[in-house]
Each structure stands twice: as C-alpha cells, then as structure tokens.
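Coordinates as given in run-v7.cif (mmCIF, C-alpha atoms):
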data_structure
loop_
_atom_site.label_atom_id
_atom_site.label_comp_id
_atom_site.auth_asym_id
_atom_site.auth_seq_id
_atom_site.Cartn_x
_atom_site.Cartn_y
_atom_site.Cartn_z
CA MET A 1 66.99 47.41 -81.96
CA GLN A 2 69.70 47.08 -79.36
CA GLY A 3 71.70 50.18 -80.10
CA THR A 4 74.67 51.24 -78.01
CA VAL A 5 74.68 53.85 -75.29
CA GLY A 6 76.85 56.69 -76.49
CA GLU A 7 77.31 54.99 -79.88
CA GLY A 8 79.97 56.81 -81.91
CA ARG A 9 81.21 58.66 -78.84
CA GLY A 10 82.87 55.84 -76.88
CA PRO A 11 81.27 53.76 -74.13
CA VAL A 12 79.90 55.20 -70.90
CA ARG A 13 82.05 53.37 -68.37
CA TYR A 14 80.92 54.88 -65.10
CA GLY A 15 77.24 55.08 -64.38
CA PRO A 16 75.81 57.85 -62.18
CA PRO A 17 74.93 56.96 -58.58
CA ALA A 18 71.31 56.81 -57.52
CA PRO A 19 69.97 60.10 -56.13
CA GLY A 20 70.81 60.17 -52.43
CA SER A 21 68.61 61.58 -49.70
CA GLY A 22 71.28 64.09 -48.69
CA LEU A 23 70.39 63.43 -45.03
CA PRO A 24 72.70 62.23 -42.25
CA VAL A 25 72.53 58.60 -41.16
CA LEU A 26 69.69 57.82 -38.77
CA PRO A 27 71.30 57.46 -35.30
CA GLU A 28 69.49 54.18 -34.57
CA LEU A 29 70.95 52.59 -37.70
CA ALA A 30 74.40 53.98 -37.00
CA ALA A 31 74.31 52.46 -33.51
CA VAL A 32 73.47 49.00 -34.86
CA LEU A 33 76.19 49.25 -37.49
CA ALA A 34 78.75 50.26 -34.87
CA GLY A 35 77.58 47.47 -32.58
CA GLY A 36 78.20 44.93 -35.32
CA ALA A 37 81.74 46.13 -36.04
CA GLY A 38 83.19 43.46 -33.76
CA ARG A 39 81.61 40.56 -35.61
CA THR A 40 84.21 38.34 -37.21
CA GLU A 41 82.01 35.78 -38.92
CA ALA A 42 80.84 36.49 -42.44
CA GLU A 43 77.24 36.56 -43.59
CA PRO A 44 76.49 33.58 -45.88
CA PRO A 45 75.87 34.21 -49.58
CA GLY A 46 72.22 35.17 -49.92
CA GLY A 47 72.03 36.65 -46.44
CA GLY A 48 71.77 35.35 -42.90
CA ALA A 49 68.55 34.31 -41.21
CA ALA A 50 67.93 37.63 -39.43
CA LEU A 51 68.16 39.68 -42.61
CA ARG A 52 66.00 37.31 -44.65
CA GLU A 53 63.34 37.09 -41.93
CA ALA A 54 63.28 40.88 -41.67
CA ALA A 55 62.73 41.05 -45.43
CA CYS A 56 59.81 38.62 -45.08
CA GLY A 57 58.17 40.91 -42.53
CA TYR A 58 58.74 43.92 -44.77
CA TRP A 59 56.97 42.24 -47.70
CA LEU A 60 54.18 40.84 -45.52
CA ARG A 61 53.28 44.38 -44.46
CA ARG A 62 52.94 45.19 -48.16
CA GLY A 63 50.62 42.32 -48.93
CA LEU A 64 53.26 39.86 -50.16
CA PRO A 65 53.58 36.90 -47.76
CA THR A 66 57.07 35.45 -48.11
CA ALA A 67 59.04 32.56 -46.61
CA PRO A 68 62.74 33.03 -45.73
CA GLU A 69 63.79 30.32 -48.17
CA ARG A 70 62.43 32.47 -51.01
CA VAL A 71 64.60 35.48 -50.09
CA VAL A 72 68.12 36.30 -51.28
CA ALA A 73 70.21 39.23 -50.08
CA ALA A 74 73.29 40.77 -51.70
CA PRO A 75 75.60 43.78 -51.27
CA GLY A 76 73.61 46.09 -53.50
CA ALA A 77 71.13 45.79 -56.34
CA GLN A 78 73.83 45.55 -59.01
CA ALA A 79 75.27 42.30 -57.67
CA LEU A 80 71.79 40.93 -57.12
CA LEU A 81 70.64 41.74 -60.64
CA ILE A 82 73.75 40.08 -62.10
CA ALA A 83 72.82 36.93 -60.18
CA LEU A 84 69.17 37.12 -61.27
CA LEU A 85 70.10 37.58 -64.92
CA GLY A 86 72.41 34.60 -64.66
CA ALA A 87 69.78 32.48 -62.94
CA TYR A 88 66.96 33.13 -65.41
CA GLY A 89 68.86 33.37 -68.69
CA GLY A 90 67.63 34.63 -72.06
CA ASP A 91 67.43 38.06 -73.67
CA VAL A 92 66.35 41.03 -71.57
CA LEU A 93 63.68 43.64 -72.23
CA MET A 94 63.37 46.88 -70.30
CA PRO A 95 61.56 50.20 -70.59
CA ARG A 96 63.07 53.26 -72.20
CA PRO A 97 64.27 55.13 -70.21
CA CYS A 98 65.36 52.82 -67.40
CA PRO A 99 67.77 52.88 -64.42
CA ALA A 100 71.30 53.61 -65.57
CA TRP A 101 72.75 50.34 -64.27
CA TRP A 102 70.35 47.88 -65.93
CA THR A 103 71.73 47.83 -69.47
CA PRO A 104 75.39 47.52 -68.42
CA GLN A 105 74.48 44.55 -66.21
CA ALA A 106 72.89 42.71 -69.15
CA ARG A 107 75.76 43.51 -71.49
CA LEU A 108 78.33 42.44 -68.92
CA LEU A 109 76.83 38.96 -69.22
CA GLY A 110 76.67 39.19 -73.01
CA ARG A 111 72.88 39.35 -72.98
CA PRO A 112 71.11 41.32 -75.69
CA ALA A 113 69.10 44.13 -74.09
CA TYR A 114 66.09 45.63 -75.88
CA HIS A 115 64.43 48.87 -74.83
CA VAL A 116 60.67 49.27 -75.11
CA PRO A 117 58.87 52.66 -75.15
CA THR A 118 56.77 53.60 -72.13
CA PRO A 119 53.21 54.96 -72.16
CA ALA A 120 52.61 58.69 -72.11
CA GLU A 121 51.44 58.83 -68.49
CA CYS A 122 54.47 57.27 -66.79
CA GLY A 123 57.88 55.69 -67.06
CA GLY A 124 59.21 52.47 -65.60
CA VAL A 125 56.72 50.14 -67.28
CA PRO A 126 56.67 49.36 -71.01
CA ASP A 127 53.70 50.15 -73.18
CA PRO A 128 52.01 46.73 -73.54
CA TYR A 129 51.48 46.98 -77.30
CA ALA A 130 55.07 48.10 -77.86
CA LEU A 131 56.19 45.21 -75.65
CA LEU A 132 54.31 42.67 -77.76
CA GLU A 133 55.71 44.18 -80.93
CA THR A 134 59.26 44.08 -79.57
CA VAL A 135 58.99 40.47 -78.38
CA ARG A 136 57.74 39.35 -81.78
CA ARG A 137 60.46 41.25 -83.62
CA VAL A 138 63.18 39.83 -81.38
CA ARG A 139 61.91 36.29 -81.94
CA ALA A 140 61.66 36.85 -85.67
CA GLU A 141 65.33 37.86 -85.63
CA GLY A 142 66.30 34.68 -83.76
CA GLY A 143 66.44 36.14 -80.25
CA ARG A 144 65.26 34.52 -77.02
CA PRO A 145 63.33 37.10 -74.97
CA ARG A 146 63.07 35.72 -71.45
CA LEU A 147 63.10 38.54 -68.90
CA LEU A 148 61.30 41.86 -68.50
CA LEU A 149 62.72 44.39 -66.07
CA LEU A 150 60.42 47.13 -64.84
CA CYS A 151 60.02 49.52 -61.90
CA VAL A 152 56.58 50.73 -60.86
CA ALA A 153 58.07 53.64 -58.88
CA ASP A 154 60.59 54.73 -61.46
CA ASP A 155 64.12 55.91 -61.81
CA PRO A 156 64.74 58.10 -63.78
CA THR A 157 61.29 59.57 -64.47
CA ALA A 158 60.18 59.72 -60.78
CA THR A 159 56.69 58.60 -61.82
CA VAL A 160 54.47 55.84 -60.40
CA ALA A 161 52.72 53.65 -62.94
CA PRO A 162 48.92 53.40 -62.53
CA PRO A 163 47.67 49.92 -61.51
CA GLU A 164 45.87 49.35 -64.81
CA THR A 165 49.05 50.14 -66.76
CA VAL A 166 51.04 47.72 -64.62
CA ARG A 167 48.41 45.02 -65.08
CA GLU A 168 48.29 45.40 -68.86
CA ALA A 169 52.09 45.29 -69.16
CA CYS A 170 52.33 42.25 -66.88
CA GLU A 171 49.59 40.38 -68.69
CA ALA A 172 51.30 41.05 -72.01
CA ALA A 173 54.66 39.87 -70.64
CA VAL A 174 53.32 36.71 -69.03
CA GLY A 175 51.28 35.93 -72.13
CA GLU A 176 54.53 35.92 -74.12
CA GLY A 177 56.30 33.68 -71.60
CA LEU A 178 58.46 36.38 -70.02
CA HIS A 179 59.50 36.32 -66.38
CA ILE A 180 59.25 39.74 -64.70
CA VAL A 181 61.86 41.27 -62.40
CA SER A 182 60.17 44.14 -60.55
CA ASP A 183 62.63 46.67 -59.12
CA GLU A 184 60.78 48.19 -56.16
CA THR A 185 63.64 50.19 -54.73
CA TRP A 186 61.68 53.44 -54.77
CA ARG A 187 58.23 52.27 -53.66
CA ASP A 188 58.74 53.64 -50.12
CA THR A 189 59.71 57.11 -51.36
CA VAL A 190 56.28 57.93 -52.83
CA HIS A 191 55.57 61.62 -52.31
CA ARG A 192 51.84 61.40 -51.55
CA PRO A 193 51.28 57.92 -50.09
CA HIS A 194 47.60 58.53 -49.40
CA GLU A 195 46.99 59.42 -53.05
CA THR A 196 49.52 57.26 -54.92
CA VAL A 197 49.90 53.61 -53.94
CA PRO A 198 52.39 51.54 -55.94
CA ILE A 199 51.03 48.13 -56.89
CA SER A 200 53.61 45.37 -57.13
CA PRO A 201 53.43 43.12 -60.18
CA ALA A 202 53.92 40.26 -57.70
CA GLU A 203 50.38 40.95 -56.44
CA MET A 204 49.02 40.51 -59.96
CA CYS A 205 51.15 37.65 -61.28
CA PRO A 206 52.56 35.97 -58.14
CA GLY A 207 54.09 33.00 -59.94
CA GLU A 208 55.85 35.05 -62.61
CA VAL A 209 57.48 37.93 -60.72
CA THR A 210 60.74 38.25 -58.79
CA VAL A 211 60.87 41.40 -56.64
CA LEU A 212 64.12 43.31 -56.21
CA ALA A 213 64.65 46.12 -53.69
CA ASP A 214 67.77 48.09 -52.85
CA LEU A 215 67.59 49.41 -49.30
CA GLY A 216 69.43 52.54 -50.41
CA GLY A 217 66.19 53.74 -51.95
CA ALA A 218 64.42 54.55 -48.70
CA PHE A 219 66.16 53.07 -45.67
CA THR A 220 69.96 53.03 -45.65
CA PRO A 221 72.78 55.27 -46.94
CA PRO A 222 74.08 54.42 -50.42
CA GLY A 223 77.49 53.64 -48.88
CA TRP A 224 75.93 50.69 -46.99
CA PRO A 225 75.16 48.35 -49.90
CA ALA A 226 72.33 45.93 -49.23
CA ALA A 227 69.52 44.63 -51.43
CA VAL A 228 66.99 41.82 -51.21
CA ALA A 229 65.07 39.75 -53.75
CA ARG A 230 61.85 37.79 -53.33
CA PHE A 231 61.44 34.72 -55.54
CA PRO A 232 58.04 33.33 -56.56
CA ASP A 233 56.68 30.32 -54.66
CA THR A 234 56.87 27.87 -57.56
CA ALA A 235 58.78 24.64 -58.12
CA ALA A 236 60.44 26.11 -61.21
CA ASP A 237 61.97 28.93 -59.17
CA VAL A 238 63.66 26.69 -56.57
CA PRO A 239 66.60 25.84 -58.86
CA ARG A 240 66.73 29.47 -60.04
CA ARG A 241 67.17 30.70 -56.50
CA ALA A 242 69.86 28.07 -56.01
CA ARG A 243 71.58 29.25 -59.17
CA CYS A 244 71.36 32.84 -57.92
CA LEU A 245 73.07 31.78 -54.67
CA ASP A 246 75.77 29.97 -56.64
CA ILE A 247 76.54 33.13 -58.60
CA LEU A 248 76.66 35.32 -55.50
CA ALA A 249 78.97 32.81 -53.82
CA ALA A 250 81.25 32.72 -56.86
CA LEU A 251 81.41 36.51 -56.83
CA GLY A 252 82.03 36.67 -53.09
CA ALA A 253 78.98 38.95 -53.01
CA ALA A 254 77.91 38.70 -49.37
CA VAL A 255 76.47 41.55 -47.32
CA ALA A 256 78.98 42.74 -44.72
CA ALA A 257 77.90 41.60 -41.25
CA PRO A 258 77.55 45.09 -39.67
CA ILE A 259 75.58 46.31 -42.70
CA ALA A 260 73.39 43.19 -42.56
CA ALA A 261 72.51 44.00 -38.95
CA ALA A 262 71.59 47.60 -39.83
CA ALA A 263 69.63 46.45 -42.89
CA ALA A 264 67.68 43.93 -40.82
CA LEU A 265 66.74 46.65 -38.34
CA ALA A 266 65.66 48.96 -41.16
CA LEU A 267 63.48 46.24 -42.71
CA THR A 268 61.68 45.62 -39.41
CA GLU A 269 60.62 49.29 -39.66
CA PRO A 270 60.79 50.48 -36.06
CA ALA A 271 59.21 53.86 -35.36
CA PRO A 272 62.36 55.97 -35.96
CA VAL A 273 62.91 54.36 -39.37
CA VAL A 274 59.27 54.80 -40.38
CA GLU A 275 59.27 58.43 -39.26
CA ARG A 276 62.51 59.27 -41.06
CA THR A 277 61.30 57.57 -44.26
CA ARG A 278 58.00 59.46 -44.15
CA ARG A 279 59.55 62.84 -43.43
CA ALA A 280 62.32 62.41 -46.01
CA ALA A 281 59.76 61.54 -48.69
CA ALA A 282 57.67 64.59 -47.75
CA LEU A 283 60.72 66.86 -47.84
CA HIS A 284 61.85 65.69 -51.25
CA ALA A 285 58.27 65.94 -52.50
CA ARG A 286 58.17 69.66 -51.62
CA VAL A 287 61.55 70.37 -53.17
CA ALA A 288 60.86 68.24 -56.27
CA ALA A 289 57.58 70.07 -56.85
CA ALA A 290 59.41 73.41 -56.66
CA ALA A 291 62.13 72.18 -59.04
CA HIS A 292 59.45 70.88 -61.41
CA HIS A 293 57.76 74.28 -61.38
CA ALA A 294 61.10 75.91 -62.22
CA VAL A 295 61.60 73.54 -65.16
CA LEU A 296 58.14 74.27 -66.57
CA ASP A 297 58.40 77.99 -65.90
CA ALA A 298 61.63 78.11 -67.90
CA GLY A 299 59.87 76.49 -70.85
CA ALA A 300 61.23 72.94 -70.59
CA MET A 301 59.21 69.78 -70.00
CA ALA A 302 59.01 67.19 -67.23
CA ARG A 303 56.43 64.90 -65.69
CA LEU A 304 55.40 65.82 -62.15
CA PRO A 305 57.61 63.81 -59.76
CA GLN A 306 55.64 61.28 -57.71
CA ALA A 307 58.44 59.33 -56.00
CA GLY A 308 62.15 59.40 -55.36
CA ARG A 309 64.56 62.29 -55.07
CA HIS A 310 64.79 63.47 -58.65
CA LEU A 311 62.95 64.56 -61.77
CA TYR A 312 63.55 63.87 -65.44
CA ALA A 313 63.57 66.99 -67.60
CA ASP A 314 63.41 67.34 -71.37
CA LEU A 315 65.31 70.44 -72.45
CA GLY A 316 64.46 69.95 -76.11
CA PRO A 317 62.75 73.37 -76.28
CA PHE A 318 66.17 74.92 -75.54
CA ARG A 319 67.93 73.12 -78.39
CA THR A 320 68.84 76.26 -80.34
CA ARG A 321 70.17 78.12 -77.31
CA LEU A 322 72.06 75.04 -76.11
CA ALA A 323 73.60 74.52 -79.54
CA ALA A 324 75.03 78.02 -79.30
CA GLN A 325 76.75 76.82 -76.12
CA GLY A 326 78.15 73.78 -77.92
CA VAL A 327 75.54 71.41 -76.48
CA THR A 328 73.93 69.18 -79.12
CA ASP A 329 73.30 65.88 -77.33
CA SER A 330 72.69 64.48 -73.86
CA MET A 331 76.37 63.75 -73.18
CA GLU A 332 77.24 67.39 -73.75
CA LEU A 333 74.16 68.45 -71.82
CA GLU A 334 75.31 66.38 -68.85
CA ASP A 335 78.71 68.09 -68.83
CA TYR A 336 77.18 71.54 -69.27
CA LEU A 337 74.56 71.27 -66.50
CA THR A 338 76.83 69.44 -64.08
CA ALA A 339 79.24 72.37 -64.31
CA ARG A 340 76.52 75.03 -64.14
CA LEU A 341 74.60 73.44 -61.26
CA ALA A 342 77.68 72.16 -59.40
CA ALA A 343 75.79 68.88 -58.94
CA PRO A 344 75.50 65.64 -60.93
CA ALA A 345 73.09 65.96 -63.87
CA PRO A 346 73.32 62.66 -65.79
CA GLY A 347 72.06 62.83 -69.36
CA GLY A 348 69.36 60.66 -70.85
CA HIS A 349 71.88 58.46 -72.69
CA ARG A 350 72.72 56.98 -69.28
CA PHE A 351 69.16 55.68 -69.03
CA GLY A 352 68.84 54.20 -72.50
CA ASP A 353 67.30 57.29 -74.06
CA GLU A 354 68.35 58.53 -77.49
CA LEU A 355 71.68 60.36 -77.46
CA GLY A 356 70.24 63.21 -79.50
CA ALA A 357 67.41 63.83 -77.04
CA LEU A 358 68.22 66.61 -74.57
CA ARG A 359 66.99 64.86 -71.44
CA VAL A 360 68.57 64.91 -68.01
CA ARG A 361 67.92 63.58 -64.50
CA LEU A 362 68.06 66.30 -61.86
CA ALA A 363 68.43 65.33 -58.20
CA THR A 364 66.73 67.15 -55.34
CA GLY A 365 69.29 66.24 -52.66
CA PRO A 366 71.74 69.04 -53.61
CA LEU A 367 68.92 71.58 -53.15
CA LEU A 368 68.65 70.83 -49.41
CA GLY A 369 71.93 72.55 -48.52
CA SER A 370 75.63 71.79 -48.34
CA THR A 371 75.98 70.65 -44.72
CA ASP A 372 74.32 68.06 -42.50
CA GLU A 373 73.03 70.87 -40.30
CA GLN A 374 71.34 72.62 -43.22
CA ARG A 375 69.79 69.37 -44.46
CA LEU A 376 68.44 68.48 -41.02
CA ASP A 377 67.02 72.00 -40.76
CA ALA A 378 65.20 71.34 -44.03
CA LEU A 379 63.91 68.03 -42.68
CA ASP A 380 62.60 69.70 -39.51
CA ALA A 381 61.15 72.82 -41.14
CA ALA A 382 57.40 73.28 -41.46
CA ASP A 383 58.07 74.83 -44.86
CA PRO A 384 61.58 73.96 -46.09
CA LEU A 385 61.16 76.19 -49.15
CA GLN A 386 61.26 79.23 -46.87
CA LEU A 387 64.66 78.38 -45.42
CA PRO A 388 67.27 80.82 -46.80
CA HIS A 389 69.68 78.14 -47.98
CA VAL A 390 66.97 76.07 -49.71
CA HIS A 391 65.48 79.18 -51.29
CA GLU A 392 68.94 80.19 -52.53
CA GLU A 393 69.63 76.75 -54.05
CA LEU A 394 66.26 76.68 -55.80
CA SER A 395 66.76 80.21 -57.10
CA ARG A 396 70.13 79.26 -58.55
CA PHE A 397 68.60 76.11 -60.08
CA ALA A 398 65.85 78.19 -61.70
CA SER A 399 68.27 80.82 -62.96
CA VAL A 400 70.44 78.24 -64.73
CA LEU A 401 67.36 77.00 -66.58
CA ALA A 402 66.07 80.50 -67.27
CA GLU A 403 69.35 81.40 -69.00
CA LEU A 404 68.49 78.84 -71.67
CA ARG A 405 65.21 80.40 -72.78
#

Show this structure as structure tokens.
Amino acid sequence: MQGTVGEGRGPVRYGPPAPGSGLPVLPELAAVLAGGAGRTEAEPPGGGAALREAACGYWLRRGLPTAPERVVAAPGAQALLIALLGAYGGDVLMPRPCPAWWTPQARLLGRPAYHVPTPAECGGVPDPYALLETVRRVRAEGGRPRLLLLCVADDPTATVAPPETVREACEAAVGEGLHIVSDETWRDTVHRPHETVPISPAEMCPGEVTVLADLGGAFTPPGWPAAVARFPDTAADVPRRARCLDILAALGAAVAAPIAAAAALALTEPAPVVERTRRAAALHARVAAAAHHAVLDAGAMARLPQAGRHLYADLGPFRTRLAAQGVTDSMELEDYLTARLAAPAPGGHRFGDELGALRVRLATGPLLGSTDEQRLDALDAADPLQLPHVHEELSRFASVLAELR
C-alpha cells in the first residue's frame, strides 16, 4: 500500500515550492521586518510570546479560542510537521493526492505513509469508507496507524471540502483512534469567502485535532518561513507539545526574530494585511477561473479551483498526443509542460498520485506578469483579465494546452 514516489525512476529529491502569490511584499510587513533587523536575541524554540499571542488572536477570530501555552511556532511548516510527527508517533495516513512535502517528511522519520483516496467532490480529505478500509488493512498487516493528515482547503487540488465530508472523515478517524493534523495553510485564500467557508476539524473534534498553518499561504512571502500549530486543550497533549518543543530545539528550528515580528503583525490582521489578503484571493480567483476554462476548453479535466493560487489538471485525454511527444507519465509531463509554459508545472507523482496518471499542478502566479509593476497592475485592475500582459499569458497558457488536442 505504501508505494514509492517515482518508483523505478529514482527518488524525487527536491519537492516543488508552494504556489506563490507573485505579488511584492506588503510595505507594512517589510517595514516591521526591517525594524527588527537590529535584534540580536534569538526567538525561543516554539516562538516568543508576541508571536504566540498573535496566533491566539488569529484563531479566536475563526472560532477557535486558544491559549498561548497551546501554540508552537517554527520556521516553516516542514520543520513544524517533522516535530509533530515525532511528538505523536505511529504510522501516518494522508489523502491522495496531498501536499508534496508531506510524504517525504514521514519517510525522513522512517514512518510508513499510506495514501487514502479522496471523494469525488473534493481533495484534501480522505473518503471516510476508504479511510476505514485502509486503517483495518494496515492493522491487519501489523502497522500502527496513529495520525491522519488532511487539509480542508487543499493543495494540490485547490478545492474546499464540504462540512459534511469533513465531519464524516473526522468521525471515522477519531472512531479508529487516529489523531488528526489539519493543515489550514490555505484557508484564508478561499476565492469566494461569502459562498465557501472552510470548517476546521478542530471545531468538530476539539480534543483530537492539531491545527497547522504556514503563514506563506496567505500572509507572508515564502522566503520568510514561519508557521504555527495549535494543540488541543487536553492533558494528553501537554507532553506532546513538550516533545514537539524538544524536537524543534534539537533541530535549532527557531523563527528568525525579524520574521517573527513580521509574522506577529500579519497574524493580528491589521487593515492593510486584511485588504491585501482579500484582494490577492480575488485576483487569483479570476485568473484561476480563466485557466480552468482553458483546461476544459482544450479537452482536459480539472475541478473548479476554490482556494489557493493553482489548479490540478488531468491531461489523461491527451495521452496519445503526449505519447507522440515522448510523454508517458507525470514525471515526463512535468518536464514537458515546465519547458513549454516556462513556469513550474509539478507532476502528480509529487503529490502521491500514480506515476502513470497524467496529472499536473498549474500555478496562477506566473499568469500575472513578469515584473512587480505588472503584478501590482493586475492586483489594482477592475478586470485583470483585460490587461494586455495577463491576456497574453493566458493566451499562451491556452495555446500550449490546445496543441495537445
């Protein structure tokens, strides 16, 4: 059941970065970062008081009251997930497909990682019946399933799981004794926030869910690594948080002081941060919808993006034409489209999908233009699709796909 990413072709050693916003740094955040450049003291492992208190306020505004002693911060989600996996122990289950960095984290610690199919309507959350089947099979084979990773607002599929789907998956997981790690990095990038509201599993199963959020999803540039985790308010999770802190300390994984100051400001959500987050999500929603239309118009398949800065396309209908170009699996598809689009196009094998499936994650950031000025013009435009440089990028995107019909 485990399988190996890229089995028979050599390991995939370098995972693709998360889709960036493509936008310049918000001036207010840049000012705080610059102001903290003179700090000489280090942030403690797990984050200083200001950052953890800001995280508490962030979660309170989303219906998750949190005390600072239940929060842990780290320089990026990867380091934080390593610490969480070490703190909770056991085998790991995750949806298929899933974020590109999840499986390597588990395998780095020598943990078996099992992928579970997702329901037809969304990614990010396992189908509850498939989850039960997988747990029972793993146990029958002598495994110790302990953790379920999921993300309600998903990378790579850019979908948002309906509340009833989340509830059914969580109830199935908790019923089998699994602890849930909910990656909510993309919840603040929802394209239509008045129509689609992500529901955190921590609202449904408060004692069984640890929430993880990388600020690079909505608030800070990817080059400023900062992530926070919210532990449940249970006696059993006190030593797990302590173990998580021990691991971060052993790794030297502390948030840099200037970045911690900028992250704390972002998490307090002053008006400029809220406005930039809202406008960036709306911009990527427009461009993602246009890219989705181009994918469908060419004859390929993809779910309508609902969050994030990407879409996940299935180019299976082009298999014959792609084979004529020497493309027979997702590794070759990644190389082919990255060259043709002049932008990263990681194949589905990066996300735990079958190597033979011709799936690919396509980012919307490169469609906004090649300079900061062009990207800010897109952010400010009433209709960014009418800007010449955005129209040109989308036309080129569509033509690359159309060539494969």

Evaluate the PyMOL selection byres ((chain A and resi 345) around 12) and report residues as a PyMOL selection string: chain A and resi 15-19+156+310-313+330-344+346-350+358-366+397

Write out the residues from the selection above, keeping C-alpha atoms, as a PDB file, keeping the file's coordinate frame.
ATOM      1  CA  GLY A  15      77.240  55.080 -64.380  1.00  0.00           C
ATOM      2  CA  PRO A  16      75.810  57.850 -62.180  1.00  0.00           C
ATOM      3  CA  PRO A  17      74.930  56.960 -58.580  1.00  0.00           C
ATOM      4  CA  ALA A  18      71.310  56.810 -57.520  1.00  0.00           C
ATOM      5  CA  PRO A  19      69.970  60.100 -56.130  1.00  0.00           C
ATOM      6  CA  PRO A 156      64.740  58.100 -63.780  1.00  0.00           C
ATOM      7  CA  HIS A 310      64.790  63.470 -58.650  1.00  0.00           C
ATOM      8  CA  LEU A 311      62.950  64.560 -61.770  1.00  0.00           C
ATOM      9  CA  TYR A 312      63.550  63.870 -65.440  1.00  0.00           C
ATOM     10  CA  ALA A 313      63.570  66.990 -67.600  1.00  0.00           C
ATOM     11  CA  SER A 330      72.690  64.480 -73.860  1.00  0.00           C
ATOM     12  CA  MET A 331      76.370  63.750 -73.180  1.00  0.00           C
ATOM     13  CA  GLU A 332      77.240  67.390 -73.750  1.00  0.00           C
ATOM     14  CA  LEU A 333      74.160  68.450 -71.820  1.00  0.00           C
ATOM     15  CA  GLU A 334      75.310  66.380 -68.850  1.00  0.00           C
ATOM     16  CA  ASP A 335      78.710  68.090 -68.830  1.00  0.00           C
ATOM     17  CA  TYR A 336      77.180  71.540 -69.270  1.00  0.00           C
ATOM     18  CA  LEU A 337      74.560  71.270 -66.500  1.00  0.00           C
ATOM     19  CA  THR A 338      76.830  69.440 -64.080  1.00  0.00           C
ATOM     20  CA  ALA A 339      79.240  72.370 -64.310  1.00  0.00           C
ATOM     21  CA  ARG A 340      76.520  75.030 -64.140  1.00  0.00           C
ATOM     22  CA  LEU A 341      74.600  73.440 -61.260  1.00  0.00           C
ATOM     23  CA  ALA A 342      77.680  72.160 -59.400  1.00  0.00           C
ATOM     24  CA  ALA A 343      75.790  68.880 -58.940  1.00  0.00           C
ATOM     25  CA  PRO A 344      75.500  65.640 -60.930  1.00  0.00           C
ATOM     26  CA  PRO A 346      73.320  62.660 -65.790  1.00  0.00           C
ATOM     27  CA  GLY A 347      72.060  62.830 -69.360  1.00  0.00           C
ATOM     28  CA  GLY A 348      69.360  60.660 -70.850  1.00  0.00           C
ATOM     29  CA  HIS A 349      71.880  58.460 -72.690  1.00  0.00           C
ATOM     30  CA  ARG A 350      72.720  56.980 -69.280  1.00  0.00           C
ATOM     31  CA  LEU A 358      68.220  66.610 -74.570  1.00  0.00           C
ATOM     32  CA  ARG A 359      66.990  64.860 -71.440  1.00  0.00           C
ATOM     33  CA  VAL A 360      68.570  64.910 -68.010  1.00  0.00           C
ATOM     34  CA  ARG A 361      67.920  63.580 -64.500  1.00  0.00           C
ATOM     35  CA  LEU A 362      68.060  66.300 -61.860  1.00  0.00           C
ATOM     36  CA  ALA A 363      68.430  65.330 -58.200  1.00  0.00           C
ATOM     37  CA  THR A 364      66.730  67.150 -55.340  1.00  0.00           C
ATOM     38  CA  GLY A 365      69.290  66.240 -52.660  1.00  0.00           C
ATOM     39  CA  PRO A 366      71.740  69.040 -53.610  1.00  0.00           C
ATOM     40  CA  PHE A 397      68.600  76.110 -60.080  1.00  0.00           C
TER      41      PHE A 397
END

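CA of Ile247 in chain A lies 25.7 Å from CA of Pro65 in chain A.
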
Between CA of Ala173 in chain A and CA of Gly356 in chain A, measure the distance and give it in Å to one decimal.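 Separation between CA of Ala173 in chain A and CA of Gly356 in chain A: 29.4 Å.
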
Nearest candidate to Pro112 in chain A (options A:Val32, A:Leu296, A:Val274, A:Val92; using only C-alpha atoms): A:Val92

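Within the file as shown, the PyMOL selection byres ((chain A and resi 273) around 12) identifies Val25, Leu26, Pro27, Glu28, Leu29, Ala30, Asp188, Ala218, Phe219, Thr220, Ala262, Ala263, Ala264, Leu265, Ala266, Leu267, Thr268, Glu269, Pro270, Ala271, Pro272, Val274, Glu275, Arg276, Thr277, Arg278, Arg279 and Ala280 of chain A.
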
With distances taken over only C-alpha atoms, which residue among A:Thr196, A:Thr210, A:Thr134, A:Gln386 lies nearest Ala172 in chain A?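 Of all the options, A:Thr134 lies closest to Ala172 in chain A.
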
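Among the candidates A:Gly38, A:Gly177, A:Pro95, A:Pro126, the residue lying nearest to Asp353 in chain A is A:Pro95 (atoms considered: all atoms listed in the file).
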
Best match for closeness to Gly175 in chain A among A:Arg192, A:Ala381, A:Ala153, A:Leu132, counting all atoms listed in the file: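 Nearest to Gly175 in chain A: A:Leu132.
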
For the file shown, what are the residues hit by the PyMOL selection byres ((chain A and resi 39) around 12), laid out as a ChimeraX atom specification? /A:32-38,40-43,256-261
